[in-house]
$ cat structure28.pdb   # PDB, C-alpha atoms and all ligand atoms
ATOM      1  CA  MET A1012     -10.601   6.366  -6.304
ATOM      2  CA  GLY A1013     -10.506  10.151  -6.206
ATOM      3  CA  SER A1014      -8.720  12.376  -8.637
ATOM      4  CA  PRO A1015      -5.142  11.297  -9.355
ATOM      5  CA  LEU A1016      -4.183  14.962  -9.174
ATOM      6  CA  TYR A1017      -3.216  16.255  -5.758
ATOM      7  CA  ARG A1018      -1.621  19.232  -4.052
ATOM      8  CA  ASP A1019       0.832  19.069  -1.203
ATOM      9  CA  THR A1020       3.869  20.782   0.275
ATOM     10  CA  GLY A1021       7.157  19.004   0.736
ATOM     11  CA  VAL A1022      10.908  19.045   1.223
ATOM     12  CA  VAL A1023      13.114  17.469  -1.458
ATOM     13  CA  LEU A1024      15.246  14.788   0.193
ATOM     14  CA  ARG A1025      17.180  13.456  -2.756
ATOM     15  CA  THR A1026      17.178  13.390  -6.528
ATOM     16  CA  TYR A1027      18.594  11.068  -9.138
ATOM     17  CA  LYS A1028      18.808  10.959 -12.897
ATOM     18  CA  LEU A1029      16.249   9.282 -15.084
ATOM     19  CA  GLY A1030      17.115   8.975 -18.763
ATOM     20  CA  GLU A1031      18.503  11.922 -20.687
ATOM     21  CA  ALA A1032      16.528  14.808 -19.348
ATOM     22  CA  ASP A1033      14.374  13.706 -16.448
ATOM     23  CA  ARG A1034      14.987  13.320 -12.778
ATOM     24  CA  ILE A1035      13.404  11.337  -9.993
ATOM     25  CA  VAL A1036      12.756  13.464  -6.958
ATOM     26  CA  VAL A1037      12.229  11.944  -3.512
ATOM     27  CA  ILE A1038      10.082  14.298  -1.452
ATOM     28  CA  LEU A1039       8.836  14.202   2.113
ATOM     29  CA  THR A1040       5.360  15.686   1.760
ATOM     30  CA  GLU A1041       3.206  17.014   4.542
ATOM     31  CA  ASN A1042       0.189  14.782   3.869
ATOM     32  CA  HIS A1043       1.246  11.992   1.522
ATOM     33  CA  GLY A1044       4.375  10.735   3.261
ATOM     34  CA  LYS A1045       7.524  10.078   1.272
ATOM     35  CA  VAL A1046       6.796  10.280  -2.433
ATOM     36  CA  ARG A1047       8.935   9.448  -5.448
ATOM     37  CA  ALA A1048       8.070  11.511  -8.460
ATOM     38  CA  VAL A1049       9.328  12.115 -11.962
ATOM     39  CA  ALA A1050      10.204  15.687 -12.833
ATOM     40  CA  LYS A1051      10.238  15.760 -16.602
ATOM     41  CA  GLY A1052      12.751  17.842 -18.468
ATOM     42  CA  VAL A1053      14.432  19.237 -15.337
ATOM     43  CA  ARG A1054      17.908  18.579 -16.605
ATOM     44  CA  LYS A1055      17.399  20.653 -19.732
ATOM     45  CA  THR A1056      18.479  24.251 -19.434
ATOM     46  CA  MET A1057      15.584  26.678 -19.023
ATOM     47  CA  SER A1058      13.581  23.993 -17.261
ATOM     48  CA  LYS A1059      10.561  25.504 -15.564
ATOM     49  CA  PHE A1060      11.334  23.917 -12.203
ATOM     50  CA  GLY A1061      14.874  22.587 -12.260
ATOM     51  CA  ALA A1062      16.291  24.770  -9.500
ATOM     52  CA  ARG A1063      13.177  24.373  -7.377
ATOM     53  CA  LEU A1064      13.628  20.619  -7.091
ATOM     54  CA  GLU A1065      17.098  20.334  -5.602
ATOM     55  CA  PRO A1066      17.701  18.612  -2.227
ATOM     56  CA  LEU A1067      16.544  20.845   0.679
ATOM     57  CA  SER A1068      14.053  22.725  -1.528
ATOM     58  CA  HIS A1069      10.781  23.462   0.261
ATOM     59  CA  VAL A1070       8.107  23.430  -2.403
ATOM     60  CA  ARG A1071       4.387  23.612  -3.009
ATOM     61  CA  LEU A1072       3.503  20.873  -5.463
ATOM     62  CA  LEU A1073       0.846  19.853  -7.904
ATOM     63  CA  MET A1074       1.297  16.157  -8.607
ATOM     64  CA  TYR A1075      -0.263  13.362 -10.586
ATOM     65  CA  GLN A1076      -0.452  10.149  -8.649
ATOM     66  CA  GLY A1077       1.045   7.184 -10.483
ATOM     67  CA  ARG A1078       1.291   3.531  -9.568
ATOM     68  CA  GLU A1079       4.898   3.673  -8.451
ATOM     69  CA  LEU A1080       6.170   7.064  -9.421
ATOM     70  CA  ASP A1081       4.099  10.210  -9.268
ATOM     71  CA  ILE A1082       4.652  13.027 -11.725
ATOM     72  CA  VAL A1083       5.475  16.583 -10.727
ATOM     73  CA  SER A1084       3.188  18.864 -12.654
ATOM     74  CA  GLN A1085       4.001  22.128 -10.876
ATOM     75  CA  ALA A1086       6.473  23.133  -8.191
ATOM     76  CA  GLU A1087       6.779  26.542  -6.607
ATOM     77  CA  SER A1088       9.181  27.564  -3.900
ATOM     78  CA  VAL A1089       7.780  28.120  -0.393
ATOM     79  CA  GLU A1090      10.992  29.472   1.093
ATOM     80  CA  THR A1091      14.701  28.930   0.837
ATOM     81  CA  LEU A1092      15.806  26.327   3.358
ATOM     82  CA  ALA A1093      18.992  25.465   1.555
ATOM     83  CA  PRO A1094      21.929  27.502   2.852
ATOM     84  CA  LEU A1095      23.628  30.154   0.816
ATOM     85  CA  VAL A1096      26.001  28.766  -1.744
ATOM     86  CA  GLY A1097      29.416  28.337  -0.204
ATOM     87  CA  ASP A1098      28.274  27.605   3.329
ATOM     88  CA  LEU A1099      29.524  24.073   3.313
ATOM     89  CA  ASP A1100      28.916  23.343   7.024
ATOM     90  CA  HIS A1101      25.249  24.248   6.697
ATOM     91  CA  LEU A1102      24.888  22.294   3.500
ATOM     92  CA  THR A1103      26.517  19.193   4.971
ATOM     93  CA  ALA A1104      24.311  19.415   8.079
ATOM     94  CA  GLY A1105      21.168  19.909   5.984
ATOM     95  CA  LEU A1106      22.003  16.962   3.756
ATOM     96  CA  ALA A1107      22.695  14.752   6.795
ATOM     97  CA  MET A1108      19.239  15.611   8.139
ATOM     98  CA  VAL A1109      17.373  14.912   4.886
ATOM     99  CA  GLU A1110      19.313  11.674   4.452
ATOM    100  CA  ALA A1111      18.243  10.483   7.911
ATOM    101  CA  VAL A1112      14.637  11.393   7.111
ATOM    102  CA  ASP A1113      14.859   9.604   3.765
ATOM    103  CA  GLN A1114      15.948   6.421   5.568
ATOM    104  CA  MET A1115      13.364   6.813   8.293
ATOM    105  CA  ALA A1116      10.259   7.791   6.290
ATOM    106  CA  LEU A1117       8.090   5.163   4.661
ATOM    107  CA  ASP A1118       6.763   5.468   1.125
ATOM    108  CA  ARG A1119       3.313   7.032   0.945
ATOM    109  CA  GLU A1120       2.757   6.765   4.665
ATOM    110  CA  PRO A1121       1.570  10.180   5.852
ATOM    111  CA  SER A1122       3.688  11.557   8.678
ATOM    112  CA  PRO A1123       2.922  15.249   9.139
ATOM    113  CA  GLN A1124       4.869  15.240  12.406
ATOM    114  CA  LEU A1125       8.067  14.146  10.643
ATOM    115  CA  TYR A1126       7.502  16.766   7.956
ATOM    116  CA  ARG A1127       7.061  19.511  10.568
ATOM    117  CA  MET A1128      10.155  18.352  12.467
ATOM    118  CA  LEU A1129      12.270  18.480   9.331
ATOM    119  CA  VAL A1130      11.046  21.912   8.234
ATOM    120  CA  GLY A1131      11.498  23.208  11.796
ATOM    121  CA  ALA A1132      15.042  21.862  12.039
ATOM    122  CA  LEU A1133      16.051  23.234   8.642
ATOM    123  CA  ARG A1134      14.636  26.659   9.538
ATOM    124  CA  THR A1135      16.491  26.633  12.847
ATOM    125  CA  MET A1136      19.646  25.675  11.035
ATOM    126  CA  GLY A1137      19.198  28.607   8.659
ATOM    127  CA  ALA A1138      18.842  30.996  11.590
ATOM    128  CA  ARG A1139      21.785  29.875  13.702
ATOM    129  CA  ASN A1140      24.988  27.929  13.559
ATOM    130  CA  SER A1141      25.325  25.076  15.998
ATOM    131  CA  PRO A1142      27.722  22.148  15.998
ATOM    132  CA  LEU A1143      24.980  20.101  17.706
ATOM    133  CA  MET A1144      22.276  20.689  15.093
ATOM    134  CA  VAL A1145      22.491  17.304  13.373
ATOM    135  CA  SER A1146      22.916  15.245  16.560
ATOM    136  CA  ALA A1147      19.998  17.016  18.216
ATOM    137  CA  PHE A1148      17.896  16.272  15.151
ATOM    138  CA  TYR A1149      18.862  12.575  15.266
ATOM    139  CA  TRP A1150      17.804  12.319  18.915
ATOM    140  CA  LYS A1151      14.508  14.068  18.208
ATOM    141  CA  LEU A1152      13.923  11.812  15.220
ATOM    142  CA  LEU A1153      14.532   8.646  17.263
ATOM    143  CA  SER A1154      12.344   9.957  20.020
ATOM    144  CA  ALA A1155       9.523  10.649  17.533
ATOM    145  CA  GLU A1156       9.947   7.084  16.220
ATOM    146  CA  GLY A1157       9.272   5.768  19.710
ATOM    147  CA  VAL A1158      12.863   4.874  20.542
ATOM    148  CA  ARG A1159      13.625   7.579  23.029
ATOM    149  CA  PRO A1160      16.763   6.619  24.965
ATOM    150  CA  GLU A1161      16.529   5.886  28.685
ATOM    151  CA  LEU A1162      18.563   8.571  30.454
ATOM    152  CA  ASP A1163      17.255   8.467  34.003
ATOM    153  CA  GLU A1164      17.880   4.959  35.247
ATOM    154  CA  CYS A1165      20.227   2.122  34.326
ATOM    155  CA  VAL A1166      18.652   0.462  31.298
ATOM    156  CA  ARG A1167      19.725  -2.973  32.564
ATOM    157  CA  CYS A1168      19.031  -2.951  36.319
ATOM    158  CA  GLY A1169      17.095   0.242  36.986
ATOM    159  CA  ALA A1170      19.741   1.696  39.310
ATOM    160  CA  PRO A1171      19.845   5.495  39.742
ATOM    161  CA  GLU A1172      22.844   7.707  38.881
ATOM    162  CA  PRO A1173      25.776   7.696  38.451
ATOM    163  CA  PHE A1174      25.893   6.244  34.942
ATOM    164  CA  VAL A1175      29.100   5.413  33.147
ATOM    165  CA  SER A1176      28.139   4.212  29.673
ATOM    166  CA  PHE A1177      25.539   4.474  26.948
ATOM    167  CA  ASP A1178      24.505   1.256  25.233
ATOM    168  CA  VAL A1179      22.683   1.653  21.906
ATOM    169  CA  LEU A1180      21.713  -2.029  21.839
ATOM    170  CA  GLN A1181      19.929  -1.620  25.186
ATOM    171  CA  GLY A1182      18.735   1.867  24.349
ATOM    172  CA  GLY A1183      20.027   3.781  27.316
ATOM    173  CA  VAL A1184      22.478   4.559  30.081
ATOM    174  CA  CYS A1185      24.159   1.946  32.283
ATOM    175  CA  CYS A1186      25.385   2.024  35.871
ATOM    176  CA  ARG A1187      28.929   1.010  36.800
ATOM    177  CA  ALA A1188      27.989  -2.601  37.587
ATOM    178  CA  CYS A1189      26.164  -3.128  34.258
ATOM    179  CA  ARG A1190      28.402  -0.991  32.047
ATOM    180  CA  SER A1191      28.283  -1.871  28.341
ATOM    181  CA  GLY A1192      28.374   0.098  25.112
ATOM    182  CA  ALA A1193      30.383   3.316  24.875
ATOM    183  CA  PRO A1194      31.715   5.367  27.807
ATOM    184  CA  LEU A1195      29.438   8.242  28.791
ATOM    185  CA  SER A1196      30.589  11.424  30.489
ATOM    186  CA  VAL A1197      28.438  13.350  32.957
ATOM    187  CA  ASP A1198      28.555  16.402  30.684
ATOM    188  CA  ALA A1199      27.404  14.491  27.596
ATOM    189  CA  LEU A1200      24.524  12.977  29.587
ATOM    190  CA  ASP A1201      23.534  16.464  30.667
ATOM    191  CA  VAL A1202      23.494  17.648  27.022
ATOM    192  CA  MET A1203      21.384  14.673  25.923
ATOM    193  CA  ARG A1204      18.918  15.524  28.689
ATOM    194  CA  MET A1205      18.794  19.117  27.448
ATOM    195  CA  ILE A1206      18.018  17.981  23.896
ATOM    196  CA  LEU A1207      15.301  15.524  24.884
ATOM    197  CA  GLY A1208      13.997  17.419  27.866
ATOM    198  CA  GLY A1209      12.761  20.655  26.338
ATOM    199  CA  ARG A1210      15.996  22.625  26.615
ATOM    200  CA  LEU A1211      17.049  22.305  22.992
ATOM    201  CA  ASN A1212      18.114  25.949  22.615
ATOM    202  CA  GLU A1213      20.462  25.659  25.548
ATOM    203  CA  ALA A1214      22.072  22.621  23.903
ATOM    204  CA  LEU A1215      22.349  24.373  20.540
ATOM    205  CA  ASP A1216      24.270  27.227  22.184
ATOM    206  CA  LEU A1217      27.119  24.923  23.201
ATOM    207  CA  PRO A1218      30.445  25.433  21.431
ATOM    208  CA  ALA A1219      32.205  22.712  19.460
ATOM    209  CA  GLY A1220      34.442  20.542  21.626
ATOM    210  CA  PRO A1221      34.802  17.113  23.217
ATOM    211  CA  ILE A1222      31.309  17.079  24.799
ATOM    212  CA  VAL A1223      29.544  17.937  21.543
ATOM    213  CA  HIS A1224      31.738  15.381  19.817
ATOM    214  CA  GLU A1225      30.780  12.689  22.317
ATOM    215  CA  VAL A1226      27.054  13.440  22.028
ATOM    216  CA  ALA A1227      27.373  13.247  18.220
ATOM    217  CA  GLY A1228      29.031   9.824  18.507
ATOM    218  CA  HIS A1229      26.188   8.440  20.639
ATOM    219  CA  ALA A1230      23.594   9.969  18.292
ATOM    220  CA  ASN A1231      25.212   8.519  15.156
ATOM    221  CA  ARG A1232      25.452   5.046  16.671
ATOM    222  CA  ALA A1233      21.873   5.156  17.962
ATOM    223  CA  LEU A1234      20.499   6.198  14.566
ATOM    224  CA  GLU A1235      22.567   3.578  12.739
ATOM    225  CA  HIS A1236      21.462   0.875  15.121
ATOM    226  CA  HIS A1237      17.805   1.808  14.733
ATOM    227  CA  LEU A1238      17.978   1.879  10.920
ATOM    228  CA  GLU A1239      19.804  -1.454  10.739
ATOM    229  CA  ARG A1240      17.344  -3.129  13.062
ATOM    230  CA  ARG A1241      14.442  -1.813  10.991
ATOM    231  CA  LEU A1242      16.065  -3.027   7.769
ATOM    232  CA  ARG A1243      16.386  -6.504   9.276
ATOM    233  CA  THR A1244      12.721  -6.457  10.328
ATOM    234  CA  VAL A1245      11.632  -5.425   6.836
ATOM    235  CA  ALA A1246      13.826  -8.162   5.275
ATOM    236  CA  MET A1247      12.277 -10.722   7.625
ATOM    237  CA  PHE A1248       8.745  -9.745   6.597
ATOM    238  CA  GLU A1249       9.618  -9.750   2.920
ATOM    239  CA  SER A1250      11.169 -13.222   3.021
ATOM    240  CA  HIS A1251       7.871 -14.728   4.268
TER     241      HIS A1251
HETATM  242 ZN    ZN B   1      22.740  -1.319  36.213
END

$ encode --input "structure28.pdb" --output "structure tokens"
Amino acid sequence: MGSPLYRDTGVVLRTYKLGEADRIVVILTENHGKVRAVAKGVRKTMSKFGARLEPLSHVRLLMYQGRELDIVSQAESVETLAPLVGDLDHLTAGLAMVEAVDQMALDREPSPQLYRMLVGALRTMGARNSPLMVSAFYWKLLSAEGVRPELDECVRCGAPEPFVSFDVLQGGVCCRACRSGAPLSVDALDVMRMILGGRLNEALDLPAGPIVHEVAGHANRALEHHLERRLRTVAMFESH
């Protein structure tokens, strides 16, 4: 065992109350995975780090490792990732991203790639407004988890284009003969290829409208399906 004291950098995903004055902070750290830590006294006024430990805060931390909960000893702000107060669209998008990461990340399992993706996405969000920000992040997240959707051949029979539907259960596009899942338009398929094929900026430039809406629907269903399936797998392991 090394020292129980460690330093890391992280993004606050979520917080909840603990007792009268304390708060539990769930943080995605760069090197220690998802960590749950107690921040003592944060809910008192004049707390030394209250405002620095809100969801979306990007902080440099000094922590004591505990058995279940770590303890935040120091927290200093790296940068402001949270949007300006009053920008509700940005805030909602940012919270949707950290919520997805909270569900995806495993406790104390280092995942520097996930950390970098989240910080990158939140910085991008701060710099530009895009109605596709959250959906694009969901697709990238799924892809990083190893469940990149099949977009180039029918997921059931291997047939080439045209494709007419997207099936989250199968994990990809379907040809007319195999169609299952939700209808897929040619334009939405094109946008999904942009997001996953290295043309993210082009996708983020698209205006709000039916195509963006359709891509968001596929992304939400794909993320939900993945999280549910993983929950079932975890439940199966735990019941043995
Ligand atoms: Zn087919």

$ resolve_selection --input "structure28.pdb" --expression "the PyMOL selection byres (((not hetatm)) within 10 of (chain B and resi 1))" --output "ChimeraX atom specification"
/A:1164-1175,1184-1191

$ residues_around --input "structure28.pdb" --residues "region 1227-1240 of chain A" --least-positions-apart "6" --cutoff "9 Å" --atoms "all atoms listed in the file" --output "MDAnalysis selection string"
chainID A and resid 1111 1114:1115 1143 1145:1147 1149:1150 1152:1153 1158 1160 1177:1180 1182 1193 1195

$ write_last_selection --input "structure28.pdb" --atoms "C-alpha atoms" --output "JSON list (two decimals), in the coordinates of the input"
[["chain", "number", "residue", "atom", "x", "y", "z"],
["A", 1111, "ALA", "CA", 18.24, 10.48, 7.91],
["A", 1114, "GLN", "CA", 15.95, 6.42, 5.57],
["A", 1115, "MET", "CA", 13.36, 6.81, 8.29],
["A", 1143, "LEU", "CA", 24.98, 20.10, 17.71],
["A", 1145, "VAL", "CA", 22.49, 17.30, 13.37],
["A", 1146, "SER", "CA", 22.92, 15.24, 16.56],
["A", 1147, "ALA", "CA", 20.00, 17.02, 18.22],
["A", 1149, "TYR", "CA", 18.86, 12.58, 15.27],
["A", 1150, "TRP", "CA", 17.80, 12.32, 18.92],
["A", 1152, "LEU", "CA", 13.92, 11.81, 15.22],
["A", 1153, "LEU", "CA", 14.53, 8.65, 17.26],
["A", 1158, "VAL", "CA", 12.86, 4.87, 20.54],
["A", 1160, "PRO", "CA", 16.76, 6.62, 24.96],
["A", 1177, "PHE", "CA", 25.54, 4.47, 26.95],
["A", 1178, "ASP", "CA", 24.50, 1.26, 25.23],
["A", 1179, "VAL", "CA", 22.68, 1.65, 21.91],
["A", 1180, "LEU", "CA", 21.71, -2.03, 21.84],
["A", 1182, "GLY", "CA", 18.74, 1.87, 24.35],
["A", 1193, "ALA", "CA", 30.38, 3.32, 24.88],
["A", 1195, "LEU", "CA", 29.44, 8.24, 28.79]]

$ atom_distance --input "structure28.pdb" --atom1 "CA of Asp1163 (chain A)" --atom2 "CA of Leu1217 (chain A)"
22.0 Å

$ residues_around --input "structure28.pdb" --residues "Leu1215 (chain A)" --least-positions-apart "4" --cutoff "9 Å" --atoms "only C-alpha atoms" --output "ChimeraX atom specification"
/A:1139-1144,1147,1206,1210-1211

$ write_last_selection --input "structure28.pdb" --atoms "C-alpha atoms" --output "PDB file, keeping the file's coordinate frame"
ATOM      1  CA  ARG A1139      21.785  29.875  13.702  1.00  0.00           C
ATOM      2  CA  ASN A1140      24.988  27.929  13.559  1.00  0.00           C
ATOM      3  CA  SER A1141      25.325  25.076  15.998  1.00  0.00           C
ATOM      4  CA  PRO A1142      27.722  22.148  15.998  1.00  0.00           C
ATOM      5  CA  LEU A1143      24.980  20.101  17.706  1.00  0.00           C
ATOM      6  CA  MET A1144      22.276  20.689  15.093  1.00  0.00           C
ATOM      7  CA  ALA A1147      19.998  17.016  18.216  1.00  0.00           C
ATOM      8  CA  ILE A1206      18.018  17.981  23.896  1.00  0.00           C
ATOM      9  CA  ARG A1210      15.996  22.625  26.615  1.00  0.00           C
ATOM     10  CA  LEU A1211      17.049  22.305  22.992  1.00  0.00           C
TER      11      LEU A1211
END

$ atom_distance --input "structure28.pdb" --atom1 "CA of Gly1105 (chain A)" --atom2 "CA of Tyr1126 (chain A)"
14.2 Å

$ closest_residue --input "structure28.pdb" --among "A:Arg1241, A:Thr1020, A:Arg1134, A:Val1089" --to "Glu1156 (chain A)" --atoms "only C-alpha atoms"
A:Arg1241

$ atom_distance --input "structure28.pdb" --atom1 "CA of Glu1090 (chain A)" --atom2 "CA of Val1070 (chain A)"
7.6 Å

$ resolve_selection --input "structure28.pdb" --expression "the PyMOL selection byres (((chain A and resi 1120) around 7) and not hetatm)" --output "list in words"
His1043, Gly1044, Lys1045, Leu1117, Asp1118, Arg1119, Pro1121 and Ser1122 of chain A

$ resolve_selection --input "structure28.pdb" --expression "the PyMOL selection byres (((chain A and resi 1048) around 10) and not hetatm)" --output "PyMOL selection string"
chain A and resi 1026+1034-1038+1045-1047+1049-1051+1074-1077+1079-1084

$ closest_residue --input "structure28.pdb" --among "A:Leu1162, A:Leu1200, A:Leu1016, A:Ala1104" --to "Thr1135 (chain A)" --atoms "all atoms listed in the file"
A:Ala1104

$ decode --input "structure28.pdb" --residues "region 1059-1128 of chain A" --atoms "C-alpha atoms" --output "PDB file, in the first residue's frame"
ATOM      1  CA  LYS A1059     -13.363  26.832   1.146  1.00  0.00           C
ATOM      2  CA  PHE A1060     -14.385  24.769  -1.874  1.00  0.00           C
ATOM      3  CA  GLY A1061     -18.158  24.765  -2.135  1.00  0.00           C
ATOM      4  CA  ALA A1062     -18.444  26.488  -5.503  1.00  0.00           C
ATOM      5  CA  ARG A1063     -15.530  24.529  -6.926  1.00  0.00           C
ATOM      6  CA  LEU A1064     -17.299  21.207  -6.466  1.00  0.00           C
ATOM      7  CA  GLU A1065     -20.497  21.718  -8.428  1.00  0.00           C
ATOM      8  CA  PRO A1066     -21.410  19.473 -11.402  1.00  0.00           C
ATOM      9  CA  LEU A1067     -19.281  20.342 -14.481  1.00  0.00           C
ATOM     10  CA  SER A1068     -16.465  21.792 -12.341  1.00  0.00           C
ATOM     11  CA  HIS A1069     -13.015  20.893 -13.662  1.00  0.00           C
ATOM     12  CA  VAL A1070     -10.768  20.671 -10.638  1.00  0.00           C
ATOM     13  CA  ARG A1071      -7.302  19.751  -9.459  1.00  0.00           C
ATOM     14  CA  LEU A1072      -7.689  17.623  -6.356  1.00  0.00           C
ATOM     15  CA  LEU A1073      -5.799  16.454  -3.336  1.00  0.00           C
ATOM     16  CA  MET A1074      -7.629  13.444  -1.937  1.00  0.00           C
ATOM     17  CA  TYR A1075      -7.370  10.915   0.836  1.00  0.00           C
ATOM     18  CA  GLN A1076      -8.213   7.434  -0.297  1.00  0.00           C
ATOM     19  CA  GLY A1077     -10.838   5.734   1.851  1.00  0.00           C
ATOM     20  CA  ARG A1078     -12.329   2.270   1.721  1.00  0.00           C
ATOM     21  CA  GLU A1079     -15.528   3.311   0.000  1.00  0.00           C
ATOM     22  CA  LEU A1080     -15.545   7.060  -0.019  1.00  0.00           C
ATOM     23  CA  ASP A1081     -12.460   9.174  -0.493  1.00  0.00           C
ATOM     24  CA  ILE A1082     -12.142  12.555   1.165  1.00  0.00           C
ATOM     25  CA  VAL A1083     -11.520  15.785  -0.704  1.00  0.00           C
ATOM     26  CA  SER A1084      -8.723  17.592   1.044  1.00  0.00           C
ATOM     27  CA  GLN A1085      -8.135  20.350  -1.510  1.00  0.00           C
ATOM     28  CA  ALA A1086      -9.836  21.379  -4.731  1.00  0.00           C
ATOM     29  CA  GLU A1087      -8.742  24.150  -7.043  1.00  0.00           C
ATOM     30  CA  SER A1088     -10.371  25.165 -10.276  1.00  0.00           C
ATOM     31  CA  VAL A1089      -8.581  24.277 -13.529  1.00  0.00           C
ATOM     32  CA  GLU A1090     -10.941  26.184 -15.798  1.00  0.00           C
ATOM     33  CA  THR A1091     -14.597  27.001 -16.068  1.00  0.00           C
ATOM     34  CA  LEU A1092     -16.368  24.352 -18.117  1.00  0.00           C
ATOM     35  CA  ALA A1093     -19.785  25.111 -16.741  1.00  0.00           C
ATOM     36  CA  PRO A1094     -21.654  27.596 -18.930  1.00  0.00           C
ATOM     37  CA  LEU A1095     -22.425  31.099 -17.837  1.00  0.00           C
ATOM     38  CA  VAL A1096     -25.343  31.310 -15.481  1.00  0.00           C
ATOM     39  CA  GLY A1097     -28.539  31.659 -17.452  1.00  0.00           C
ATOM     40  CA  ASP A1098     -27.459  29.685 -20.494  1.00  0.00           C
ATOM     41  CA  LEU A1099     -29.912  26.911 -19.928  1.00  0.00           C
ATOM     42  CA  ASP A1100     -29.311  25.070 -23.234  1.00  0.00           C
ATOM     43  CA  HIS A1101     -25.608  24.749 -22.489  1.00  0.00           C
ATOM     44  CA  LEU A1102     -26.252  23.701 -18.931  1.00  0.00           C
ATOM     45  CA  THR A1103     -28.777  21.053 -19.952  1.00  0.00           C
ATOM     46  CA  ALA A1104     -26.396  19.698 -22.611  1.00  0.00           C
ATOM     47  CA  GLY A1105     -23.474  19.646 -20.168  1.00  0.00           C
ATOM     48  CA  LEU A1106     -25.510  17.844 -17.531  1.00  0.00           C
ATOM     49  CA  ALA A1107     -26.712  15.276 -20.092  1.00  0.00           C
ATOM     50  CA  MET A1108     -23.083  14.544 -20.979  1.00  0.00           C
ATOM     51  CA  VAL A1109     -21.877  14.143 -17.382  1.00  0.00           C
ATOM     52  CA  GLU A1110     -24.897  11.976 -16.596  1.00  0.00           C
ATOM     53  CA  ALA A1111     -24.058   9.630 -19.481  1.00  0.00           C
ATOM     54  CA  VAL A1112     -20.448   9.458 -18.293  1.00  0.00           C
ATOM     55  CA  ASP A1113     -21.584   8.794 -14.727  1.00  0.00           C
ATOM     56  CA  GLN A1114     -23.611   5.804 -15.957  1.00  0.00           C
ATOM     57  CA  MET A1115     -20.849   4.578 -18.221  1.00  0.00           C
ATOM     58  CA  ALA A1116     -17.777   4.950 -15.977  1.00  0.00           C
ATOM     59  CA  LEU A1117     -16.864   2.276 -13.472  1.00  0.00           C
ATOM     60  CA  ASP A1118     -15.812   3.038  -9.912  1.00  0.00           C
ATOM     61  CA  ARG A1119     -12.057   3.347  -9.489  1.00  0.00           C
ATOM     62  CA  GLU A1120     -11.333   1.941 -12.912  1.00  0.00           C
ATOM     63  CA  PRO A1121      -8.885   4.323 -14.589  1.00  0.00           C
ATOM     64  CA  SER A1122     -10.111   5.533 -17.965  1.00  0.00           C
ATOM     65  CA  PRO A1123      -8.010   8.496 -19.077  1.00  0.00           C
ATOM     66  CA  GLN A1124      -9.550   8.280 -22.547  1.00  0.00           C
ATOM     67  CA  LEU A1125     -13.059   8.823 -21.162  1.00  0.00           C
ATOM     68  CA  TYR A1126     -11.797  11.712 -19.049  1.00  0.00           C
ATOM     69  CA  ARG A1127     -10.168  13.362 -22.079  1.00  0.00           C
ATOM     70  CA  MET A1128     -13.305  12.848 -24.182  1.00  0.00           C
TER      71      MET A1128
END
